[in-house]
$ cat work-v3.pdb   # PDB, C-alpha atoms
ATOM      1  CA  MET G 404      16.396 -13.827  -7.788
ATOM      2  CA  LYS G 405      13.835 -15.384  -5.487
ATOM      3  CA  SER G 406      13.382 -15.430  -1.754
ATOM      4  CA  SER G 407      10.604 -16.788   0.401
ATOM      5  CA  VAL G 408       9.264 -17.117   3.917
ATOM      6  CA  ASN G 409       7.204 -19.879   5.475
ATOM      7  CA  LEU G 410       5.041 -18.956   8.444
ATOM      8  CA  LYS G 411       3.549 -21.730  10.519
ATOM      9  CA  TRP G 412       0.295 -21.089  12.369
ATOM     10  CA  THR G 413       0.755 -21.869  16.057
ATOM     11  CA  GLY G 414      -2.867 -21.444  17.127
ATOM     12  CA  ASN G 415      -5.126 -18.508  17.778
ATOM     13  CA  MET G 416      -3.473 -15.431  16.159
ATOM     14  CA  SER G 417       0.172 -16.466  16.422
ATOM     15  CA  PHE G 418       2.611 -17.512  13.707
ATOM     16  CA  GLU G 419       6.210 -18.681  13.831
ATOM     17  CA  THR G 420       8.958 -18.604  11.264
ATOM     18  CA  GLU G 421      12.723 -18.798  10.845
ATOM     19  CA  LEU G 422      14.429 -16.021   8.918
ATOM     20  CA  PHE G 423      18.004 -16.877   7.978
ATOM     21  CA  GLY G 424      17.960 -19.298  10.920
ATOM     22  CA  HIS G 425      16.612 -16.715  13.398
ATOM     23  CA  LYS G 426      13.260 -17.532  14.980
ATOM     24  CA  LEU G 427      10.536 -14.904  14.824
ATOM     25  CA  VAL G 428       7.083 -15.067  16.406
ATOM     26  CA  LEU G 429       4.254 -12.797  15.317
ATOM     27  CA  ASP G 430       1.064 -12.333  17.306
ATOM     28  CA  ALA G 431      -1.873  -9.998  17.728
ATOM     29  CA  GLY G 432      -2.364  -8.026  20.920
ATOM     30  CA  THR G 433      -4.807  -9.110  23.605
ATOM     31  CA  ASP G 434      -7.174  -6.379  22.363
ATOM     32  CA  ASN G 435      -7.384  -8.222  19.031
ATOM     33  CA  GLY G 436      -7.756 -11.795  20.177
ATOM     34  CA  GLY G 437      -4.043 -12.512  20.425
ATOM     35  CA  GLU G 438      -1.673 -13.157  23.317
ATOM     36  CA  ASP G 439       1.128 -10.708  22.425
ATOM     37  CA  LYS G 440       3.722 -13.475  22.011
ATOM     38  CA  GLY G 441       5.460 -11.325  19.390
ATOM     39  CA  PRO G 442       5.054  -8.119  17.409
ATOM     40  CA  ARG G 443       2.202  -7.341  14.998
ATOM     41  CA  PRO G 444       3.051  -7.992  11.361
ATOM     42  CA  LYS G 445       2.469  -4.537   9.847
ATOM     43  CA  ILE G 446       5.195  -2.821  11.879
ATOM     44  CA  LEU G 447       7.703  -5.106  10.118
ATOM     45  CA  MET G 448       7.148  -2.948   7.023
ATOM     46  CA  LEU G 449       8.631   0.061   8.820
ATOM     47  CA  THR G 450      11.359  -2.099  10.382
ATOM     48  CA  ALA G 451      12.386  -3.429   6.962
ATOM     49  CA  LEU G 452      12.780   0.112   5.652
ATOM     50  CA  ALA G 453      14.761   1.318   8.684
ATOM     51  CA  GLY G 454      17.105  -1.671   8.611
ATOM     52  CA  CYS G 455      17.658  -1.574   4.861
ATOM     53  CA  THR G 456      18.551   2.095   4.664
ATOM     54  CA  GLY G 457      20.484   1.909   7.962
ATOM     55  CA  MET G 458      22.819  -0.790   6.623
ATOM     56  CA  ASP G 459      23.278   1.167   3.386
ATOM     57  CA  VAL G 460      24.099   4.414   5.143
ATOM     58  CA  THR G 461      26.540   2.965   7.704
ATOM     59  CA  SER G 462      28.432   1.024   5.038
ATOM     60  CA  ILE G 463      28.543   3.998   2.628
ATOM     61  CA  LEU G 464      29.834   6.300   5.393
ATOM     62  CA  LYS G 465      32.480   3.730   6.303
ATOM     63  CA  LYS G 466      33.702   3.765   2.679
ATOM     64  CA  MET G 467      33.701   7.591   2.816
ATOM     65  CA  ARG G 468      35.769   7.382   6.031
ATOM     66  CA  VAL G 469      33.184   9.333   7.964
ATOM     67  CA  LYS G 470      33.245   8.157  11.572
ATOM     68  CA  ILE G 471      29.906   8.238  13.353
ATOM     69  CA  ASP G 472      29.542   7.545  17.066
ATOM     70  CA  ASP G 473      25.867   6.680  17.006
ATOM     71  CA  LEU G 474      22.953   6.369  14.634
ATOM     72  CA  GLN G 475      19.268   5.901  15.209
ATOM     73  CA  ILE G 476      16.818   5.431  12.395
ATOM     74  CA  ILE G 477      13.224   6.305  13.110
ATOM     75  CA  VAL G 478      10.546   5.448  10.588
ATOM     76  CA  GLU G 479       7.111   6.957  11.080
ATOM     77  CA  GLY G 480       4.136   5.611   9.180
ATOM     78  CA  ASP G 481       0.816   7.367   8.767
ATOM     79  CA  MET G 482      -2.046   4.932   8.313
ATOM     80  CA  THR G 483      -5.411   5.190   6.571
ATOM     81  CA  GLU G 484      -8.456   5.209   8.864
ATOM     82  CA  GLU G 485     -10.569   2.807   6.818
ATOM     83  CA  HIS G 486     -10.012  -0.869   5.932
ATOM     84  CA  PRO G 487      -7.680  -1.940   4.489
ATOM     85  CA  LYS G 488      -5.534   0.081   6.889
ATOM     86  CA  TYR G 489      -2.241   0.679   5.153
ATOM     87  CA  TYR G 490       0.585   3.176   5.494
ATOM     88  CA  LYS G 491      -0.305   6.074   3.223
ATOM     89  CA  SER G 492       3.025   7.830   3.825
ATOM     90  CA  MET G 493       6.295   7.197   5.636
ATOM     91  CA  LYS G 494       9.045   9.401   6.964
ATOM     92  CA  VAL G 495      12.606   8.231   7.668
ATOM     93  CA  ILE G 496      14.524  10.243  10.268
ATOM     94  CA  TYR G 497      18.288   9.676  10.538
ATOM     95  CA  GLN G 498      19.721  10.815  13.875
ATOM     96  CA  PHE G 499      23.521  10.922  13.683
ATOM     97  CA  LYS G 500      25.881  11.504  16.573
ATOM     98  CA  GLY G 501      29.584  12.271  16.155
ATOM     99  CA  GLU G 502      32.263  14.950  16.157
ATOM    100  CA  ASN G 503      32.281  17.505  13.327
ATOM    101  CA  LEU G 504      30.047  15.398  11.105
ATOM    102  CA  PRO G 505      30.117  16.651   7.483
ATOM    103  CA  MET G 506      26.465  17.266   6.565
ATOM    104  CA  GLU G 507      27.059  17.043   2.818
ATOM    105  CA  LYS G 508      28.501  13.522   3.184
ATOM    106  CA  LEU G 509      25.622  12.413   5.393
ATOM    107  CA  GLU G 510      23.224  13.740   2.764
ATOM    108  CA  LYS G 511      25.137  11.964   0.013
ATOM    109  CA  ALA G 512      25.006   8.639   1.883
ATOM    110  CA  VAL G 513      21.274   8.988   2.555
ATOM    111  CA  SER G 514      20.486   9.904  -1.038
ATOM    112  CA  LEU G 515      22.577   7.004  -2.413
ATOM    113  CA  SER G 516      20.562   4.630  -0.218
ATOM    114  CA  GLU G 517      17.252   6.163  -1.222
ATOM    115  CA  GLU G 518      17.893   6.445  -4.915
ATOM    116  CA  ARG G 519      20.228   3.609  -5.716
ATOM    117  CA  TYR G 520      20.496   0.885  -3.088
ATOM    118  CA  CYS G 521      17.541   0.441  -0.752
ATOM    119  CA  GLY G 522      15.137  -2.037  -2.341
ATOM    120  CA  VAL G 523      12.574  -1.602   0.444
ATOM    121  CA  SER G 524      12.321   2.128  -0.149
ATOM    122  CA  ALA G 525      12.256   1.560  -3.946
ATOM    123  CA  LEU G 526       9.111  -0.554  -3.683
ATOM    124  CA  TYR G 527       7.294   1.658  -1.154
ATOM    125  CA  LYS G 528       8.002   4.756  -3.229
ATOM    126  CA  LYS G 529       6.140   3.216  -6.161
ATOM    127  CA  ALA G 530       3.032   3.260  -3.970
ATOM    128  CA  ILE G 531       3.306   6.104  -1.441
ATOM    129  CA  PRO G 532       5.413   9.167  -0.548
ATOM    130  CA  VAL G 533       8.520   8.357   1.503
ATOM    131  CA  THR G 534      10.340  11.403   2.851
ATOM    132  CA  THR G 535      13.621  11.701   4.742
ATOM    133  CA  GLU G 536      15.133  13.978   7.350
ATOM    134  CA  ILE G 537      18.709  14.139   8.630
ATOM    135  CA  GLN G 538      19.381  15.270  12.190
ATOM    136  CA  ILE G 539      22.719  15.704  13.923
ATOM    137  CA  VAL G 540      22.056  15.310  17.629
TER
ATOM    138  CA  MET T 332      -3.237   6.881  12.867
ATOM    139  CA  LYS T 333       0.523   6.882  13.288
ATOM    140  CA  SER T 334       3.002   4.212  14.187
ATOM    141  CA  SER T 335       6.771   4.261  14.289
ATOM    142  CA  VAL T 336       9.908   2.214  14.846
ATOM    143  CA  ASN T 337      13.262   3.268  16.253
ATOM    144  CA  LEU T 338      16.282   1.220  15.217
ATOM    145  CA  LYS T 339      19.520   1.709  17.095
ATOM    146  CA  TRP T 340      22.795   1.023  15.318
ATOM    147  CA  THR T 341      24.824  -1.513  17.318
ATOM    148  CA  GLY T 342      28.000  -1.340  15.257
ATOM    149  CA  ASN T 343      29.103  -2.719  11.917
ATOM    150  CA  MET T 344      25.914  -3.766  10.037
ATOM    151  CA  SER T 345      23.668  -4.610  12.988
ATOM    152  CA  PHE T 346      20.649  -2.772  14.354
ATOM    153  CA  GLU T 347      18.396  -3.413  17.335
ATOM    154  CA  THR T 348      14.840  -2.433  18.059
ATOM    155  CA  GLU T 349      11.864  -3.249  20.236
ATOM    156  CA  LEU T 350       8.562  -3.924  18.518
ATOM    157  CA  PHE T 351       5.623  -3.924  20.935
ATOM    158  CA  GLY T 352       8.154  -4.780  23.645
ATOM    159  CA  HIS T 353       9.729  -7.648  21.684
ATOM    160  CA  LYS T 354      13.410  -7.271  20.865
ATOM    161  CA  LEU T 355      14.478  -7.733  17.253
ATOM    162  CA  VAL T 356      18.029  -7.682  15.894
ATOM    163  CA  LEU T 357      18.769  -7.193  12.200
ATOM    164  CA  ASP T 358      22.141  -7.871  10.637
ATOM    165  CA  ALA T 359      23.796  -8.532   7.299
ATOM    166  CA  GLY T 360      25.344 -11.902   6.510
ATOM    167  CA  THR T 361      29.076 -12.519   6.757
ATOM    168  CA  ASP T 362      29.228 -12.306   2.930
ATOM    169  CA  ASN T 363      28.087  -8.680   3.188
ATOM    170  CA  GLY T 364      30.215  -7.433   6.042
ATOM    171  CA  GLY T 365      27.797  -8.450   8.797
ATOM    172  CA  GLU T 366      27.897 -11.065  11.539
ATOM    173  CA  ASP T 367      24.482 -12.701  11.008
ATOM    174  CA  LYS T 368      23.224 -11.717  14.478
ATOM    175  CA  GLY T 369      19.710 -11.494  13.045
ATOM    176  CA  PRO T 370      17.806 -11.654   9.771
ATOM    177  CA  ARG T 371      18.322  -9.316   6.790
ATOM    178  CA  PRO T 372      15.784  -6.473   6.654
ATOM    179  CA  LYS T 373      14.208  -7.053   3.237
ATOM    180  CA  ILE T 374      12.768 -10.462   4.120
ATOM    181  CA  LEU T 375      10.632  -8.690   6.744
ATOM    182  CA  MET T 376       8.556  -7.360   3.841
ATOM    183  CA  LEU T 377       7.479 -10.911   2.957
ATOM    184  CA  THR T 378       7.052 -11.798   6.641
ATOM    185  CA  ALA T 379       4.758  -8.800   7.198
ATOM    186  CA  LEU T 380       2.531  -9.916   4.335
ATOM    187  CA  ALA T 381       2.396 -13.548   5.481
ATOM    188  CA  GLY T 382       1.589 -12.585   9.083
ATOM    189  CA  CYS T 383      -1.001  -9.995   8.169
ATOM    190  CA  THR T 384      -3.008 -12.191   5.837
ATOM    191  CA  GLY T 385      -2.491 -15.216   8.105
ATOM    192  CA  MET T 386      -4.109 -13.474  11.070
ATOM    193  CA  ASP T 387      -6.960 -12.267   8.861
ATOM    194  CA  VAL T 388      -7.649 -15.695   7.414
ATOM    195  CA  THR T 389      -7.520 -17.627  10.691
ATOM    196  CA  SER T 390      -9.815 -15.163  12.441
ATOM    197  CA  ILE T 391     -12.280 -15.026   9.511
ATOM    198  CA  LEU T 392     -12.416 -18.843   9.353
ATOM    199  CA  LYS T 393     -13.010 -18.968  13.101
ATOM    200  CA  LYS T 394     -16.003 -16.654  12.668
ATOM    201  CA  MET T 395     -17.212 -18.888   9.802
ATOM    202  CA  ARG T 396     -16.826 -21.896  12.156
ATOM    203  CA  VAL T 397     -14.455 -23.600   9.779
ATOM    204  CA  LYS T 398     -12.034 -25.707  11.810
ATOM    205  CA  ILE T 399      -8.553 -26.000  10.378
ATOM    206  CA  ASP T 400      -5.904 -28.310  11.828
ATOM    207  CA  ASP T 401      -2.915 -26.560  10.361
ATOM    208  CA  LEU T 402      -1.987 -23.618   8.182
ATOM    209  CA  GLN T 403       1.254 -22.563   6.604
ATOM    210  CA  ILE T 404       1.627 -19.342   4.685
ATOM    211  CA  ILE T 405       4.436 -19.192   2.170
ATOM    212  CA  VAL T 406       5.256 -15.895   0.522
ATOM    213  CA  GLU T 407       7.615 -15.966  -2.447
ATOM    214  CA  GLY T 408       9.189 -12.791  -3.704
ATOM    215  CA  ASP T 409      10.865 -12.347  -7.056
ATOM    216  CA  MET T 410      13.553  -9.687  -6.991
ATOM    217  CA  THR T 411      14.993  -7.404  -9.665
ATOM    218  CA  GLU T 412      18.598  -8.137 -10.706
ATOM    219  CA  GLU T 413      19.786  -4.518 -10.733
ATOM    220  CA  HIS T 414      20.076  -1.958  -7.932
ATOM    221  CA  PRO T 415      17.883  -1.047  -6.208
ATOM    222  CA  LYS T 416      16.978  -4.720  -5.766
ATOM    223  CA  TYR T 417      13.314  -4.845  -4.876
ATOM    224  CA  TYR T 418      10.564  -7.438  -5.041
ATOM    225  CA  LYS T 419       8.964  -7.032  -8.452
ATOM    226  CA  SER T 420       6.233  -9.600  -7.691
ATOM    227  CA  MET T 421       5.024 -11.698  -4.766
ATOM    228  CA  LYS T 422       2.989 -14.869  -4.461
ATOM    229  CA  VAL T 423       1.121 -15.925  -1.312
ATOM    230  CA  ILE T 424       0.505 -19.661  -0.947
ATOM    231  CA  TYR T 425      -1.962 -20.795   1.741
ATOM    232  CA  GLN T 426      -1.498 -24.450   2.713
ATOM    233  CA  PHE T 427      -4.474 -25.628   4.762
ATOM    234  CA  LYS T 428      -4.775 -28.930   6.572
ATOM    235  CA  GLY T 429      -8.045 -30.243   8.005
ATOM    236  CA  GLU T 430     -10.923 -32.637   7.504
ATOM    237  CA  ASN T 431     -13.414 -31.928   4.710
ATOM    238  CA  LEU T 432     -12.337 -28.331   4.342
ATOM    239  CA  PRO T 433     -14.886 -26.310   2.318
ATOM    240  CA  MET T 434     -12.866 -24.754  -0.533
ATOM    241  CA  GLU T 435     -15.386 -21.970  -1.168
ATOM    242  CA  LYS T 436     -15.092 -20.758   2.445
ATOM    243  CA  LEU T 437     -11.288 -20.846   2.302
ATOM    244  CA  GLU T 438     -11.454 -18.800  -0.896
ATOM    245  CA  LYS T 439     -13.874 -16.362   0.712
ATOM    246  CA  ALA T 440     -11.594 -15.876   3.730
ATOM    247  CA  VAL T 441      -8.538 -15.347   1.533
ATOM    248  CA  SER T 442     -10.295 -12.860  -0.722
ATOM    249  CA  LEU T 443     -11.699 -10.897   2.254
ATOM    250  CA  SER T 444      -8.151 -10.566   3.571
ATOM    251  CA  GLU T 445      -6.751  -9.551   0.196
ATOM    252  CA  GLU T 446      -9.431  -7.125  -0.784
ATOM    253  CA  ARG T 447     -10.707  -5.722   2.472
ATOM    254  CA  TYR T 448      -8.493  -6.269   5.491
ATOM    255  CA  CYS T 449      -4.795  -6.808   4.836
ATOM    256  CA  GLY T 450      -3.086  -3.431   4.845
ATOM    257  CA  VAL T 451       0.278  -4.929   3.914
ATOM    258  CA  SER T 452      -1.110  -6.475   0.748
ATOM    259  CA  ALA T 453      -3.042  -3.259  -0.024
ATOM    260  CA  LEU T 454       0.161  -1.226  -0.144
ATOM    261  CA  TYR T 455       2.238  -3.774  -2.074
ATOM    262  CA  LYS T 456      -0.529  -4.169  -4.665
ATOM    263  CA  LYS T 457      -0.288  -0.463  -5.468
ATOM    264  CA  ALA T 458       3.275  -1.117  -6.635
ATOM    265  CA  ILE T 459       3.584  -4.730  -7.840
ATOM    266  CA  PRO T 460       1.480  -7.812  -8.678
ATOM    267  CA  VAL T 461       0.596  -9.950  -5.647
ATOM    268  CA  THR T 462      -1.007 -13.289  -6.509
ATOM    269  CA  THR T 463      -2.471 -15.981  -4.249
ATOM    270  CA  GLU T 464      -2.871 -19.738  -4.324
ATOM    271  CA  ILE T 465      -4.847 -21.983  -1.988
ATOM    272  CA  GLN T 466      -3.691 -25.548  -1.377
ATOM    273  CA  ILE T 467      -5.328 -28.218   0.758
ATOM    274  CA  VAL T 468      -2.554 -30.582   1.810
TER
END
$ encode --input "work-v3.pdb" --output "structure tokens"
Amino acid sequence: MKSSVNLKWTGNMSFETELFGHKLVLDAGTDNGGEDKGPRPKILMLTALAGCTGMDVTSILKKMRVKIDDLQIIVEGDMTEEHPKYYKSMKVIYQFKGENLPMEKLEKAVSLSEERYCGVSALYKKAIPVTTEIQIV
Amino acid sequence: MKSSVNLKWTGNMSFETELFGHKLVLDAGTDNGGEDKGPRPKILMLTALAGCTGMDVTSILKKMRVKIDDLQIIVEGDMTEEHPKYYKSMKVIYQFKGENLPMEKLEKAVSLSEERYCGVSALYKKAIPVTTEIQIV
């Protein structure tokens, strides 16, 4: 199964693309010769992971009939100091809100995403440590 | 050096975040229980790579005083068939447009990005093969 993106250079440090019909602009900050017309590219790596596991977990919990009122997914990346600057580790924090949430089911949903479904996590884990934490807030 | 993202669940399969102040919505397609309010998360992995190397290459060529008229960066990802579905290989295609473009300088810029600067590529290459191709169109 193949997928692809096509980014068009729009001058200076900015690029434009359409992802599933949704326009996205990427740009560097003014401190790096850009004009901040959009986010920096590297942060999309963390965003991909958060979105992928978030969709897994909400749909698994729905099947388990666990009702959550709110969910935030925070992904922290720790970067190397030297070029090439890449994330050398990541941590995914799941913040659930709801009444009488069953911790063992939340843990089950998170571990199913991590181990079986989330293709973003699967690739990153081949390269670096990716840890998780569940919080009920 | 740390960076982080915070995705907020907005119901069903959709999530919202702000990246450097720029709003981004992610959603599943209608075939997967979503409403297509934004792109799927996994494609952001290819977008991150295209943007990262694109910014490297355009800024390196500027320093080399190589004038390009146009650049498109295509990243193709080949995915596994079984869960977890992850990109098992990627290919980055640089399509340059311009007058009398010096191939050896384009190659130099691309290899500096790949080997020295692009932190997205650096991480992916720890896990999977990432190949490149330069085209003058």
$ closest_residue --input "work-v3.pdb" --among "G:Gly480, G:Val513, G:Val428, G:Thr433" --to "chain T" --atoms "only C-alpha atoms"
G:Gly480
$ residues_around --input "work-v3.pdb" --residues "Asp367 in chain T" --least-positions-apart "4" --cutoff "9 Å" --atoms "only C-alpha atoms" --output "compact mmCIF listing (two decimals) with C-alpha atoms, keeping the file's coordinate frame"
# COMPACT_ATOMS: atom_id res chain seq x y z
CA PHE G 423 18.00 -16.88 7.98
CA SER T 345 23.67 -4.61 12.99
CA LEU T 357 18.77 -7.19 12.20
CA ASP T 358 22.14 -7.87 10.64
CA ALA T 359 23.80 -8.53 7.30
CA GLY T 360 25.34 -11.90 6.51
CA THR T 361 29.08 -12.52 6.76
CA ARG T 371 18.32 -9.32 6.79
$ calpha_fit_and_write --input "work-v3.pdb" --fixed "chain G" --moving "chain T" --output "compact mmCIF listing (two decimals) with C-alpha atoms, in the frame of the given file"
# COMPACT_ATOMS: atom_id res chain seq x y z
CA MET T 332 16.42 -13.83 -7.78
CA LYS T 333 13.85 -15.40 -5.49
CA SER T 334 13.40 -15.42 -1.77
CA SER T 335 10.62 -16.78 0.39
CA VAL T 336 9.27 -17.10 3.91
CA ASN T 337 7.22 -19.87 5.47
CA LEU T 338 5.05 -18.95 8.44
CA LYS T 339 3.54 -21.73 10.51
CA TRP T 340 0.30 -21.09 12.36
CA THR T 341 0.77 -21.86 16.06
CA GLY T 342 -2.84 -21.45 17.12
CA ASN T 343 -5.13 -18.51 17.77
CA MET T 344 -3.47 -15.44 16.16
CA SER T 345 0.18 -16.46 16.42
CA PHE T 346 2.61 -17.51 13.71
CA GLU T 347 6.23 -18.67 13.82
CA THR T 348 8.97 -18.58 11.26
CA GLU T 349 12.72 -18.78 10.84
CA LEU T 350 14.43 -16.00 8.93
CA PHE T 351 18.02 -16.86 7.99
CA GLY T 352 17.96 -19.28 10.92
CA HIS T 353 16.62 -16.71 13.40
CA LYS T 354 13.27 -17.52 14.97
CA LEU T 355 10.55 -14.88 14.83
CA VAL T 356 7.09 -15.06 16.41
CA LEU T 357 4.26 -12.78 15.32
CA ASP T 358 1.06 -12.34 17.29
CA ALA T 359 -1.87 -9.99 17.72
CA GLY T 360 -2.36 -8.02 20.92
CA THR T 361 -4.81 -9.10 23.61
CA ASP T 362 -7.19 -6.37 22.35
CA ASN T 363 -7.39 -8.21 19.03
CA GLY T 364 -7.76 -11.79 20.18
CA GLY T 365 -4.03 -12.50 20.41
CA GLU T 366 -1.66 -13.15 23.30
CA ASP T 367 1.13 -10.70 22.42
CA LYS T 368 3.74 -13.46 22.02
CA GLY T 369 5.47 -11.33 19.39
CA PRO T 370 5.07 -8.12 17.41
CA ARG T 371 2.19 -7.34 15.01
CA PRO T 372 3.07 -7.98 11.36
CA LYS T 373 2.48 -4.54 9.84
CA ILE T 374 5.20 -2.82 11.88
CA LEU T 375 7.71 -5.09 10.11
CA MET T 376 7.15 -2.94 7.02
CA LEU T 377 8.63 0.08 8.82
CA THR T 378 11.36 -2.08 10.38
CA ALA T 379 12.40 -3.42 6.96
CA LEU T 380 12.80 0.12 5.65
CA ALA T 381 14.76 1.33 8.68
CA GLY T 382 17.11 -1.67 8.60
CA CYS T 383 17.66 -1.56 4.87
CA THR T 384 18.56 2.10 4.66
CA GLY T 385 20.48 1.90 7.95
CA MET T 386 22.81 -0.78 6.61
CA ASP T 387 23.28 1.17 3.38
CA VAL T 388 24.10 4.41 5.14
CA THR T 389 26.53 2.97 7.69
CA SER T 390 28.43 1.02 5.04
CA ILE T 391 28.55 3.99 2.62
CA LEU T 392 29.83 6.29 5.39
CA LYS T 393 32.47 3.72 6.30
CA LYS T 394 33.69 3.75 2.69
CA MET T 395 33.69 7.58 2.81
CA ARG T 396 35.75 7.34 6.04
CA VAL T 397 33.18 9.31 7.97
CA LYS T 398 33.24 8.14 11.58
CA ILE T 399 29.91 8.23 13.36
CA ASP T 400 29.53 7.54 17.08
CA ASP T 401 25.87 6.68 17.01
CA LEU T 402 22.94 6.38 14.64
CA GLN T 403 19.26 5.91 15.22
CA ILE T 404 16.81 5.43 12.39
CA ILE T 405 13.22 6.32 13.12
CA VAL T 406 10.56 5.45 10.58
CA GLU T 407 7.11 6.96 11.07
CA GLY T 408 4.16 5.61 9.18
CA ASP T 409 0.83 7.35 8.77
CA MET T 410 -2.03 4.92 8.32
CA THR T 411 -5.40 5.19 6.59
CA GLU T 412 -8.45 5.19 8.89
CA GLU T 413 -10.56 2.79 6.82
CA HIS T 414 -10.02 -0.87 5.91
CA PRO T 415 -7.69 -1.96 4.49
CA LYS T 416 -5.54 0.07 6.89
CA TYR T 417 -2.25 0.68 5.16
CA TYR T 418 0.58 3.17 5.50
CA LYS T 419 -0.32 6.07 3.22
CA SER T 420 3.02 7.84 3.84
CA MET T 421 6.30 7.20 5.63
CA LYS T 422 9.05 9.42 6.97
CA VAL T 423 12.61 8.24 7.67
CA ILE T 424 14.52 10.26 10.26
CA TYR T 425 18.29 9.68 10.53
CA GLN T 426 19.72 10.83 13.87
CA PHE T 427 23.51 10.93 13.69
CA LYS T 428 25.87 11.50 16.58
CA GLY T 429 29.58 12.24 16.14
CA GLU T 430 32.24 14.92 16.15
CA ASN T 431 32.27 17.47 13.32
CA LEU T 432 30.05 15.38 11.10
CA PRO T 433 30.12 16.63 7.48
CA MET T 434 26.46 17.25 6.58
CA GLU T 435 27.05 17.02 2.83
CA LYS T 436 28.50 13.50 3.19
CA LEU T 437 25.60 12.39 5.39
CA GLU T 438 23.21 13.72 2.76
CA LYS T 439 25.13 11.95 0.02
CA ALA T 440 25.00 8.63 1.88
CA VAL T 441 21.27 8.98 2.56
CA SER T 442 20.47 9.88 -1.03
CA LEU T 443 22.57 6.99 -2.41
CA SER T 444 20.56 4.63 -0.22
CA GLU T 445 17.24 6.15 -1.23
CA GLU T 446 17.88 6.43 -4.91
CA ARG T 447 20.23 3.60 -5.70
CA TYR T 448 20.49 0.88 -3.09
CA CYS T 449 17.53 0.45 -0.76
CA GLY T 450 15.13 -2.02 -2.34
CA VAL T 451 12.58 -1.60 0.45
CA SER T 452 12.31 2.13 -0.15
CA ALA T 453 12.25 1.56 -3.94
CA LEU T 454 9.10 -0.55 -3.68
CA TYR T 455 7.29 1.65 -1.15
CA LYS T 456 8.00 4.76 -3.23
CA LYS T 457 6.13 3.21 -6.16
CA ALA T 458 3.01 3.27 -3.97
CA ILE T 459 3.29 6.11 -1.43
CA PRO T 460 5.41 9.17 -0.55
CA VAL T 461 8.52 8.36 1.50
CA THR T 462 10.34 11.42 2.84
CA THR T 463 13.63 11.70 4.74
CA GLU T 464 15.13 13.99 7.34
CA ILE T 465 18.70 14.13 8.63
CA GLN T 466 19.37 15.28 12.19
CA ILE T 467 22.71 15.70 13.93
CA VAL T 468 22.03 15.30 17.64
$ closest_atom_pairs --input "work-v3.pdb" --of "chain G" --to "chain T" --cutoff "7 Å" --atoms "only C-alpha atoms" --output "tab-separated table"
residue	atom	partner	partner_atom	distance
G:Met404	CA	T:Met410	CA	5.1
G:Lys405	CA	T:Asp409	CA	4.5
G:Ser406	CA	T:Gly408	CA	5.3
G:Ser407	CA	T:Glu407	CA	4.2
G:Val408	CA	T:Val406	CA	5.4
G:Asn409	CA	T:Ile405	CA	4.4
G:Leu410	CA	T:Ile404	CA	5.1
G:Lys411	CA	T:Gln403	CA	4.6
G:Trp412	CA	T:Leu402	CA	5.4
G:Met416	CA	T:Met386	CA	5.5
G:Phe418	CA	T:Gly382	CA	6.8
G:Leu422	CA	T:Pro370	CA	5.6
G:Phe423	CA	T:Pro370	CA	5.5
G:His425	CA	T:Gly369	CA	6.1
G:Leu429	CA	T:Gly382	CA	6.8
G:Gly441	CA	T:His353	CA	6.1
G:Pro442	CA	T:Phe351	CA	5.5
G:Pro444	CA	T:Ala379	CA	4.6
G:Lys445	CA	T:Ala379	CA	5.5
G:Leu447	CA	T:Ala379	CA	5.6
G:Met448	CA	T:Met376	CA	5.6
G:Leu449	CA	T:Val336	CA	6.5
G:Thr450	CA	T:Val336	CA	6.4
G:Ala451	CA	T:Pro372	CA	4.6
G:Ala453	CA	T:Leu338	CA	6.7
G:Gly454	CA	T:Pro372	CA	5.4
G:Cys455	CA	T:Pro372	CA	5.5
G:Met458	CA	T:Met344	CA	5.5
G:Asp473	CA	T:Trp340	CA	6.7
G:Leu474	CA	T:Trp340	CA	5.4
G:Gln475	CA	T:Lys339	CA	4.6
G:Ile476	CA	T:Leu338	CA	5.1
G:Ile477	CA	T:Asn337	CA	4.4
G:Val478	CA	T:Val336	CA	5.4
G:Glu479	CA	T:Ser335	CA	4.2
G:Gly480	CA	T:Ser334	CA	5.3
G:Asp481	CA	T:Lys333	CA	4.6
G:Met482	CA	T:Met332	CA	5.1
G:Thr483	CA	T:Met332	CA	6.9
G:Glu484	CA	T:Met332	CA	6.8
G:His486	CA	T:Tyr448	CA	5.6
G:Pro487	CA	T:Tyr448	CA	4.5
G:Lys488	CA	T:Gly450	CA	4.7
G:Tyr489	CA	T:Gly450	CA	4.2
G:Arg519	CA	T:Pro415	CA	5.2
G:Tyr520	CA	T:Pro415	CA	4.5
G:Cys521	CA	T:Pro415	CA	5.7
G:Gly522	CA	T:Tyr417	CA	4.2
G:Val523	CA	T:Tyr417	CA	6.3
G:Ala525	CA	T:Tyr417	CA	6.6
G:Leu526	CA	T:Tyr417	CA	6.1
G:Lys529	CA	T:Ala458	CA	5.2
G:Ala530	CA	T:Ala458	CA	5.1
$ closest_residue --input "work-v3.pdb" --among "G:Thr535, G:Glu438, G:Val540, G:Arg468" --to "Ser514 in chain G" --atoms "all atoms listed in the file"
G:Thr535
$ residues_around --input "work-v3.pdb" --residues "range 505-511 of chain G" --least-positions-apart "5" --cutoff "9 Å" --atoms "all atoms listed in the file" --output "PyMOL selection string"
chain G and resi 460+464+467+469+499+516+537+539
$ axis_aligned_box --input "work-v3.pdb" --around "range 354-373 of chain T" --padding-each-side "5 Å" --output "lines of an AutoDock Vina configuration file"
center_x = 21.8
center_y = -9.6
center_z = 11.9
size_x = 26.8
size_y = 16.2
size_z = 27.9
